[in-house]
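Written below as structure tokens is the structure these notes are about.
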Number of protein chains: 4
Amino acid sequence: MAGSVYGNLFKISTWGESHGKGIGVVIDGCPAGLTLNEELLQRYLNRRRPGATKYSTPRTELDKATILSGVFDGLTTGTPISIVVFNENQRSHDYSEIANYYRPGHADYTYDGKYGIRDYRGGGRSSGRETIARVAAGAIAKEILNQLGIDIVTYTKSIGPIEINNDNFNKNYIEISPLSMPDKLASEKAEVYLQKQMEDNNSAGGIIECLVNGMPVGIGEPVFDKLDASLAKALMSVGAVKGVEIGAGFDVAKSTGLENNDHFSYLLDKDTDSKKLIKLSNNAGGILGGMSDGSEIVIRSAIKPTSSIAIKQKTVNKDMDNIEVTVLGRHDPVIVPRAVVVIESMVAITLVDHIFMNMTSRIDKIVNFYKK
Amino acid sequence: MAGSVYGNLFKISTWGESHGKGIGVVIDGCPAGLTLNEELLQRYLNRRRPGATKYSTPRTELDKATILSGVFDGLTTGTPISIVVFNENQRSHDYSEIANYYRPGHADYTYDGKYGIRDYRGGGRSSGRETIARVAAGAIAKEILNQLGIDIVTYTKSIGPIEINNDNFNKNYIEISPLSMPDKLASEKAEVYLQKQMEDNNSAGGIIECLVNGMPVGIGEPVFDKLDASLAKALMSVGAVKGVEIGAGFDVAKSTGLENNDHFSYLLDKDTDSKKLIKLSNNAGGILGGMSDGSEIVIRSAIKPTSSIAIKQKTVNKDMDNIEVTVLGRHDPVIVPRAVVVIESMVAITLVDHIFMNMTSRIDKIVNFYKK
Amino acid sequence: MAGSVYGNLFKISTWGESHGKGIGVVIDGCPAGLTLNEELLQRYLNRRRPGATKYSTPRTELDKATILSGVFDGLTTGTPISIVVFNENQRSHDYSEIANYYRPGHADYTYDGKYGIRDYRGGGRSSGRETIARVAAGAIAKEILNQLGIDIVTYTKSIGPIEINNDNFNKNYIEISPLSMPDKLASEKAEVYLQKQMEDNNSAGGIIECLVNGMPVGIGEPVFDKLDASLAKALMSVGAVKGVEIGAGFDVAKSTGLENNDHFSYLLDKDTDSKKLIKLSNNAGGILGGMSDGSEIVIRSAIKPTSSIAIKQKTVNKDMDNIEVTVLGRHDPVIVPRAVVVIESMVAITLVDHIFMNMTSRIDKIVNFYKK
Amino acid sequence: MAGSVYGNLFKISTWGESHGKGIGVVIDGCPAGLTLNEELLQRYLNRRRPGATKYSTPRTELDKATILSGVFDGLTTGTPISIVVFNENQRSHDYSEIANYYRPGHADYTYDGKYGIRDYRGGGRSSGRETIARVAAGAIAKEILNQLGIDIVTYTKSIGPIEINNDNFNKNYIEISPLSMPDKLASEKAEVYLQKQMEDNNSAGGIIECLVNGMPVGIGEPVFDKLDASLAKALMSVGAVKGVEIGAGFDVAKSTGLENNDHFSYLLDKDTDSKKLIKLSNNAGGILGGMSDGSEIVIRSAIKPTSSIAIKQKTVNKDMDNIEVTVLGRHDPVIVPRAVVVIESMVAITLVDHIFMNMTSRIDKIVNFYKK
């Protein structure tokens with residue numbers, strides 16, 4: 001079936017392989033009247049571009065986005081927006097050997113099992129380059145969220161055993177840290193840890209955390225299309241993610257009702273003499289019953305260590321022999337920092353889709369929308 | 001929008017409130033020719049029925065399922081199957097007070113924020129009784145999986161700090177344990193822990209683990225509809241779930257590529273003199289690149305402690321006062337054991353949907369399907 | 001796959017067989033705050049109820065609707081609305097014989113071919129009783145349209161060769177005419193024609209016309225989800241419909257561009273001294289480029305003559321014999337008048353879905369929706 | 001919402017404007033293993049290419065298709081297939097004037113009403129060039145149908161008042177006729193008629209008929225996703241189509257049950273001594289109860305005369321003046337012949353989607369599919 005289409009009202013359809021002609025996305029359902037140009041897309045794409053630091057693959061690509069449709073006089077027109085990034089630096093000869101065996105930790109085996117054929121060059125469709133399309137669409141989703149006053153901050157929470165200390169949290173450091181960590185000390189320690197992995201031809205994993213502020217109350221559809229459920233799918237669909245948690249997450253398992261419940265309270269704003277509803281804690285992570293409760297949304301994803309490592313590993317070939325292989329080529333020792341913008345993009349796309357879906361929840365608001 | 005419909009090809013549409021006339025589900029897309037009757041549904045529904053043990057709400061309901069359509073002469077006909085469980089034991093007076101305040105940890109506030117109105121009786125649509133519809137549909141999905149030789153085992157992995165010991169794993173004990181644990185010792189310890197929470201009018205959380213065996217290779221659609229992504233959504237859509245992980249899950253963050261990669265190997269079956277592909281470990285949890293790899297699927301969900309506790313808590317009322325409340329009524333001190341069959345149902349429904357979607361992945365198989 | 005679910009944002013899931021326990025529908029995506037009760041549903045259901053005139057089947061059913069969920073204190077809550085009409089007058093013995101042969105003009109053969117099994121009692125799922133679910137959902141859709149000032153008028157345009165004369169058009173006569181015709185003279189002539197068909201044990205077809213007024217400009221999504229495309233599907237999905245046309249319809253084939261183009265013009269309203277855009281003709285039927293243009297939507301459906309006739313016809317049985325059969329039982333000599341409300345319901349449901357979908361077409365309107 | 005995405009399992013996402021950078025489509029859900037190359041696409045695209053005869057716009061474009069993804073070593077891989085046709089001959093200056101007024105019969109007014117902005121160059125997204133994407137996707141759908149032994153023949157049935165005579169039907173003449181008519185005499189008469197319209201700066205409409213042979217029994221999903229309902233939507237979504245009918249179509253309205261019912265009969269094949277079920281007539285047009293019955297599918301679409309004519313017409317401008325305009329530029333005097341392949345493409349895409357959906361209708365066939 002069609003697994004490369006995502007979203008209900010803000011719908012994206014992605015395509016492309018690592019060593020094909022390019023990677024692209026068609027966004028159908030972007031509202032008219034939004035300012036959009038290639039420079040804006042490029043700012044987001046540059047955040048996942050390879051070659052930026054020594055912790056990413058030396059494959060150097062500019063990943064230059066071209067808008068092919070849906071924008072007129074600098075504004076979106078409401079029609080589908082087609083974006084393409086042509087591949088420039090395909091070195092197919094690097095990958096020819098892997099046509100005959102299954103790389104451990106990769107999708108080679110399952111692609112073959114499903115389709116009976118695979119584009120083995122650089123992982124084909126299962127390559128991390130697929131996420132270019134997510135980031136291009138995410139850039140547009142973030143522009144929509146900006147218009148609505150909704151802000152997303154995403155960063156590396158941990159690399160291997162090195163975790164940020166919330167006391168040192170410095171949002172501005174995220175862009176400075178080569179590992180996208182908001183804690184200078186942790187970032188430096190993580191670099192040492194990574195250096196060690198690189199010396200060993202090994203790789204590292206980590207955790208990405210995403211904070212969303214400014215959400216209206218009530219975004220998310222009860223039962224199956226809960227906001228947290230949709231976010232979980234969005235994030236787990238990113239190649240290397242093996243776990244997703246909201247708010248207190250897995251810690252709730254050991255908690256008690258008394259500890260875990262967030263209490264509501266009205267806070268008096270003395271300046272305006274008005275009351276504002278707050279929660280006295282946020283174990284729920286900003287989502288109650290699958291709907292945003294107006295507080296900060298907190299969501300984390302566990303990223304596995306890069307599967308491609310230049311260490312000898314056991315596997316099998318197509319002749320059904322047990323063999324040993326060393327996966328050469330250009331690989332990131334850790335993909336967490338580059339995945340930060342991918343995670344943020346999936347969150348943004350999912351939020352926009354839900355914000356759109358929520359618009360038909362009350363008849364009075366619908367009547368008001370169409371009045372005059 | 002419509003948040004109570006789930007699935008693409010095996011599509012379920014659920015409805016009902018805790019204290020309305022009943023709870024139901026319409027399954028559209030169930031294949032014709034499957035044996036189905038109310039006894040079969042009842043076996044599954046009894047696994048989540050209240051009142052079974054002292055750890056579940058004393059609300060005694062038979063939760064008797066009636067099939068209203070889609071079955072003829074004991075077989076499904078391919079047309080929609082409508083199932084209803086009428087509510088019997090609605091004691092609305094228990095709940096009248098909560099019309100005016102927001103229970104901590106519940107969806108009262110977000111329902112009001114989204115819809116401007118809510119059925120406050122027993123939580124209305126956000127009540128755990130909503131899961132009856134999931135289990136009824138899940139029963140049918142499991143019958144389909146049975147026909148395909150696919151087996152699911154689901155159990156309580158931990159309650160609060162008490163976790164099963166894999167060395168004591170006894171599948172048969174799951175049904176015996178009042179907490180659905182496959183480890184007698186852990187189950188008994190967890191009972192002691194729960195007893196303590198009940199004495200304190202407090203509640204407990206836990207972790208549910210689900211194992212799937214017999215999956216064909218290649219189930220799951222690359223990119224957005226990865227099998228693990230769909231499972232994550234399915235499970236996170238269950239009310240109390242706050243985290244989902246596959247295989248090694250969050251542990252991958254601290255792992256290295258060398259530790260985490262599962263190596264492929266051919267195993268020689270001496271009897272048949274044929275080779276079988278296996279993985280020498282299963283950190284991936286049976287899913288590679290979003291598609292089943294033929295090994296055991298392992299997935300875990302973190303369940304929060306029951307939000308309704310008979311301890312005084314801070315909250316607000318509709319008059320915008322800060323108040324203190326004690327949530328009375330009939331509540332489970334832990335919902336983990338009753339949620340086991342709900343989790344299993346969501347996994348089963350999701351697998352069936354993906355198994356159906358996979359049938360169009362290869363032209364040769366499609367041509368063969370329609371031949372003669 | 002799931003063929004009994006319809007709509008994107010206003011989503012209906014229908015179920016039930018002619019001689020099963022009942023017919024029902026679950027509406028997911030109805031906005032909260034709409035006044036709804038069983039009396040309102042009943043008014044619509046009575047318009048398609050059998051036994052009302054001598055031109056409909058003598059099967060007497062009250063077709064009483066029960067609301068099982070989604071309504072609280074007389075208002076919709078935004079959660080799924082489940083409606084059931086239990087079957088009362090199932091006389092299965094009338095139909096037992098047809099288990100063994102395929103009725104001409106019916107779906108017996110194709111159901112068997114698709115599913116390998118069919119509920120042959122009264123046509124099972126393919127019975128006209130299926131449309132009860134459409135009308136129940138349509139009643140709710142019409143209430144939403146009422147709130148938005150959108151009006152639908154539907155009537156019989158022709159029965160057999162007898163067509164209404166637009167000079168005699170009398171909207172009030174639609175309810176008086178036993179054939180739902182807005183022209184007294186034509187209605188009387190059509191009765192004579194029908195009487196003749198009944199004497200011959202034969203049956204008649206006809207055309208249903210539907211007029212929609214009050215539509216905002218711009219409803220409908222360009223390219224595939226054009227408003228007219230969606231309406232065509234909605235109407236062609238009604239059992240006996242064999243053709244659908246918009247505005248000038250099939251007559252455009254013989255027309256020229258000069259004749260067929262509708263010219264725009266501003267009309268000066270002297271009272272308000274404001275200009276109103278009108279079209280000087282309406283061959284387009286109120287839809288341009290798949291979007292409503294603010295003028296009257298005009299859509300017609302061709303309804304085939306009832307397939308069940310008590311005349312000897314050739315067919316085959318399951319033993320692969322060529323046989324002759326006379327289809328007995330209770331049948332309408334014409335279904336056009338009872339189909340009027342079914343057509344109106346499908347139009348209403350489709351319009352509501354599109355009106356909802358249109359709400360995300362402009363960023364300024366979205367921002368305004370969420371402001372304060 | 002997203003109106004440029006079509007299909008459930010064979011899903012196409014189209015984009016592009018008349019005078020933008022190009023027109024394209026992403027096909028997600030094409031099975032792996034299908035032979036595909038640009039030459040094959042080109043053969044279909046050439047059938048709608050402008051400039052081929054004197055009855056089409058003199059805009060000369062090669063409409064050269066490029067495949068950007070989803071094909072490897074000449075075979076589809078199961079991943080999304082992205083196809084682009086870059087625009088070459090955009091003469092924007094031809095169209096600049098129309099920015100300020102609404103062309104009669106066009107979507108200028110409704111686009112503005114919906115989106116508040118429109119790409120007015122050559123009609124932007126509402127241009128007939130949009131159908132390039134449909135034809136490219138249709139070419140692939142037809143290849144799939146070829147594999148399944150399903151054949152589609154599509155042709156011009158009438159132009160203005162000139163209709164083909166079935167006695168003169170010559171399938172081979174369709175490609176020879178500049179109007180795609182299968183009747184030499186009618187084609188020549190229609191040319192004379194068209195010549196007259198061209199001299200008058202006027203335009204003509206017509207009817208396109210499509211015949212499908214080789215369909216398995218049971219394709220189509222009962223109730224809302226009937227095969228004829230889906231086809232009706234598919235065809236009505238093509239810009240100029242104002243009516244769709246199946247089999248006897250609108251003639252059923254004047255017919256009787258006895259005349260209209262198709263009788264079943266077993267035909268003895270003497271060579272194989274086996275019986276074959278046939279219908280003795282085909283008023284149903286190959287579809288019973290929304291499912292294919294194995295006989296020929298017959299479907300017709302009414303195409304309106306080209307709206308762009310070089311005759312003075314009344315309309316309005318953005319300053320709210322009533323004005324008169326003459327629409328200059330390059331326009332087809334009739335679009336019927338070029339629309340033939342567009343209609344055929346929409347039928348092919350819809351059939352493939354339904355053939356795929358049908359694969360999960362029976363549990364025995366599903367079990368058999370996954371066996372070994």
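Identifiers in this document derive from the order of the structure tokens: chains are assigned A, B, ..., residues are numbered from 1 separately in each chain, and ligands are numbered from 1 in order of occurrence.
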Wanna dump the range 81-118 of chain D-range 63-73 of chain D contacts at 9 Å for me, each residue with its shortest atom pair and the distance in Å to one decimal, counting only C-alpha atoms, ordered by chain and number, as a tab-separated table?
residue	atom	partner	partner_atom	distance
D:Ile81	CA	D:Gly70	CA	4.3
D:Ser82	CA	D:Leu68	CA	5.2
D:Ile83	CA	D:Ile67	CA	4.6
D:Val84	CA	D:Thr66	CA	5.4
D:Val85	CA	D:Ala65	CA	4.8
D:Phe86	CA	D:Asp63	CA	7.2
D:Asn87	CA	D:Asp63	CA	7.4
D:Glu88	CA	D:Asp63	CA	8.2
Excluding Tyr109 in chain C and any residue of its chain fewer than 6 positions from it, enumerate the residues within 8 Å of it, using only C-alpha atoms, and give them as an mmCIF file with N, CA and C atoms, in the first residue's frame.
data_model
loop_
_atom_site.group_PDB
_atom_site.id
_atom_site.type_symbol
_atom_site.label_atom_id
_atom_site.label_comp_id
_atom_site.auth_asym_id
_atom_site.auth_seq_id
_atom_site.Cartn_x
_atom_site.Cartn_y
_atom_site.Cartn_z
ATOM 1 N N TYR C 102 -30.208 -16.569 -8.856
ATOM 2 C CA TYR C 102 -29.805 -15.163 -8.921
ATOM 3 C C TYR C 102 -30.914 -14.333 -9.549
ATOM 4 N N ARG C 103 -31.475 -13.405 -8.806
ATOM 5 C CA ARG C 103 -32.540 -12.561 -9.342
ATOM 6 C C ARG C 103 -31.976 -11.587 -10.386
ATOM 7 N N ASP D 293 -19.801 -7.591 -12.759
ATOM 8 C CA ASP D 293 -20.460 -8.892 -12.927
ATOM 9 C C ASP D 293 -19.782 -9.748 -13.986
#
(Q) Let me make sure I understand: among D:Val352, D:Val212, D:Val325, D:Val244, which one has the smallest atom-to-atom distance to chain C if we use only C-alpha atoms? (A) D:Val244
Interface residues on chain C facing chain B, 9 Å, only C-alpha atoms, written as an mmCIF file with C-alpha atoms, in the first residue's frame:
data_model
loop_
_atom_site.group_PDB
_atom_site.id
_atom_site.type_symbol
_atom_site.label_atom_id
_atom_site.label_comp_id
_atom_site.auth_asym_id
_atom_site.auth_seq_id
_atom_site.Cartn_x
_atom_site.Cartn_y
_atom_site.Cartn_z
ATOM 1 C CA MET C 1 -12.080 -3.361 1.961
ATOM 2 C CA ALA C 2 -14.368 -1.160 3.944
ATOM 3 C CA GLY C 3 -17.081 0.070 1.589
ATOM 4 C CA SER C 4 -19.666 1.095 4.169
ATOM 5 C CA VAL C 5 -17.802 4.109 5.532
ATOM 6 C CA ASN C 8 -13.650 12.563 5.481
ATOM 7 C CA LEU C 9 -14.475 14.890 8.359
ATOM 8 C CA PHE C 10 -18.178 14.125 8.763
ATOM 9 C CA LYS C 11 -17.695 10.384 8.637
ATOM 10 C CA ILE C 12 -20.491 7.841 8.637
ATOM 11 C CA SER C 13 -20.172 4.106 9.120
ATOM 12 C CA THR C 14 -23.282 2.118 8.235
ATOM 13 C CA TRP C 15 -24.306 -1.479 8.844
ATOM 14 C CA GLY C 16 -27.225 -3.876 8.706
ATOM 15 C CA GLU C 17 -29.164 -6.288 6.550
ATOM 16 C CA GLY C 20 -30.980 -9.106 10.304
ATOM 17 C CA LYS C 21 -31.497 -7.460 13.666
ATOM 18 C CA GLY C 22 -31.517 -3.907 12.372
ATOM 19 C CA ILE C 23 -29.940 -1.154 10.334
ATOM 20 C CA GLY C 24 -27.662 1.451 11.839
ATOM 21 C CA VAL C 25 -25.131 4.183 11.415
ATOM 22 C CA VAL C 26 -22.351 5.695 13.486
ATOM 23 C CA ILE C 27 -21.617 9.350 12.718
ATOM 24 C CA ASP C 28 -18.117 10.360 13.773
ATOM 25 C CA GLY C 29 -17.227 13.988 13.304
ATOM 26 C CA CYS C 30 -20.534 15.668 14.055
ATOM 27 C CA PRO C 31 -19.709 18.946 15.789
ATOM 28 C CA ALA C 32 -20.733 19.499 19.408
ATOM 29 C CA GLY C 33 -23.606 21.748 20.345
ATOM 30 C CA ILE C 67 -29.976 7.257 19.488
ATOM 31 C CA LEU C 68 -27.487 5.192 21.477
ATOM 32 C CA SER C 69 -24.667 7.683 22.011
ATOM 33 C CA GLY C 70 -23.218 11.108 21.319
ATOM 34 C CA VAL C 71 -26.112 13.198 22.613
ATOM 35 C CA PHE C 72 -26.307 14.631 26.141
ATOM 36 C CA ASP C 73 -29.014 16.922 27.476
ATOM 37 C CA LEU C 75 -27.188 18.386 22.386
ATOM 38 C CA THR C 76 -24.523 16.595 20.411
ATOM 39 C CA THR C 77 -21.291 16.279 22.362
ATOM 40 C CA GLY C 78 -18.821 15.873 19.500
ATOM 41 C CA THR C 79 -18.440 12.139 20.185
ATOM 42 C CA PRO C 80 -19.773 9.461 17.813
ATOM 43 C CA ILE C 81 -23.536 9.335 17.382
ATOM 44 C CA SER C 82 -24.792 5.777 17.092
ATOM 45 C CA LYS C 114 -17.112 -11.561 -4.310
ATOM 46 C CA TYR C 115 -17.667 -13.141 -0.908
ATOM 47 C CA GLY C 116 -18.552 -16.781 -1.618
ATOM 48 C CA ILE C 117 -21.462 -16.368 0.807
ATOM 49 C CA ARG C 118 -24.459 -14.072 1.025
ATOM 50 C CA ASP C 119 -27.330 -13.311 3.348
ATOM 51 C CA ARG C 125 -26.970 -5.932 2.739
#
Q.
So that I can see what lies close to Leu41 in chain C, please list as a PyMOL selection string the residues with an atom at most 10 Å from it, counting only C-alpha atoms and leaving out residues fewer than 2 positions away in the same chain.
A. chain C and resi 36-39+43-46+64-67+83+135-140
Q: Work out how far apart CA of Ala284 in chain C and CA of Glu296 in chain C are and give it in Å to one decimal.
A: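 Taking CA of Ala284 in chain C and CA of Glu296 in chain C, their separation equals 9.6 Å.
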**Q.** Per-residue DSSP, range 221-337 of chain A, filtered to strand (DSSP E or B), as a ChimeraX atom specification
**A.** /A:241-246,256,264-269,274-279,287-288,291-292,297-303,313-317,322-325
Q: Write down as a PyMOL selection string the residues belonging to range 149-281 of chain C that are assigned helix (DSSP H, G or I) by DSSP computed on the backbone.
A: chain C and resi 166-168+173-176+184-199+223-225+227-236+249-254+257-260
Q.
Please determine, counting only C-alpha atoms, which residue among A:Asn202, A:Gln42, A:Ser237, A:Thr306 has the shortest atom-to-atom distance to Val252 in chain B.
A. A:Thr306
Q | For CA of Asn282 in chain A and CA of Gly239 in chain B, the interatomic separation in Å (one decimal) | A |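 Interatomic distance here is 16.9 Å.
When the distance limit is 10 Å and only C-alpha atoms are what count, the residues near Phe169 in chain C, minus those fewer than 6 positions from it on the same chain, are Met181, Pro182, Asp183 and Lys184 of chain C.
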Output for the residues just chosen: N, CA and C atoms as a PDB file, in the first residue's frame:
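Printed below is again.pdb as written:
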ATOM      1  N   MET C 181     -43.772  14.810  -6.580  1.00  0.00           N
ATOM      2  CA  MET C 181     -43.582  15.683  -7.753  1.00  0.00           C
ATOM      3  C   MET C 181     -44.093  17.089  -7.449  1.00  0.00           C
ATOM      4  N   PRO C 182     -43.410  18.120  -7.918  1.00  0.00           N
ATOM      5  CA  PRO C 182     -43.811  19.503  -7.628  1.00  0.00           C
ATOM      6  C   PRO C 182     -44.781  20.047  -8.689  1.00  0.00           C
ATOM      7  N   ASP C 183     -45.442  19.180  -9.391  1.00  0.00           N
ATOM      8  CA  ASP C 183     -46.339  19.578 -10.484  1.00  0.00           C
ATOM      9  C   ASP C 183     -47.544  18.659 -10.400  1.00  0.00           C
ATOM     10  N   LYS C 184     -48.710  19.236 -10.041  1.00  0.00           N
ATOM     11  CA  LYS C 184     -49.916  18.440  -9.796  1.00  0.00           C
ATOM     12  C   LYS C 184     -50.307  17.630 -11.030  1.00  0.00           C
TER      13      LYS C 184
END
Q) Got a sec: who's within 7 Å of Ala348 in chain A, counting only C-alpha atoms, leaving out chain neighbours fewer than 2 positions off, as a list in words? A)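 Selected residues are Gly138, Ala141, Lys142, Glu344, Ser345, Met346, Thr350, Leu351 and Val352 of chain A.
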Any chance you can output those residues with C-alpha atoms as a PDB file, in the first residue's frame?
ATOM      1  CA  GLY A 138       8.205  20.456   8.316  1.00  0.00           C
ATOM      2  CA  ALA A 141       4.347  23.372   8.965  1.00  0.00           C
ATOM      3  CA  LYS A 142       6.540  25.426  11.282  1.00  0.00           C
ATOM      4  CA  GLU A 344      10.866  18.656  15.039  1.00  0.00           C
ATOM      5  CA  SER A 345       9.487  18.469  11.505  1.00  0.00           C
ATOM      6  CA  MET A 346       7.350  15.420  12.246  1.00  0.00           C
ATOM      7  CA  THR A 350       1.399  16.433  13.061  1.00  0.00           C
ATOM      8  CA  LEU A 351       0.403  19.486  15.088  1.00  0.00           C
ATOM      9  CA  VAL A 352      -0.703  21.392  11.994  1.00  0.00           C
TER      10      VAL A 352
END
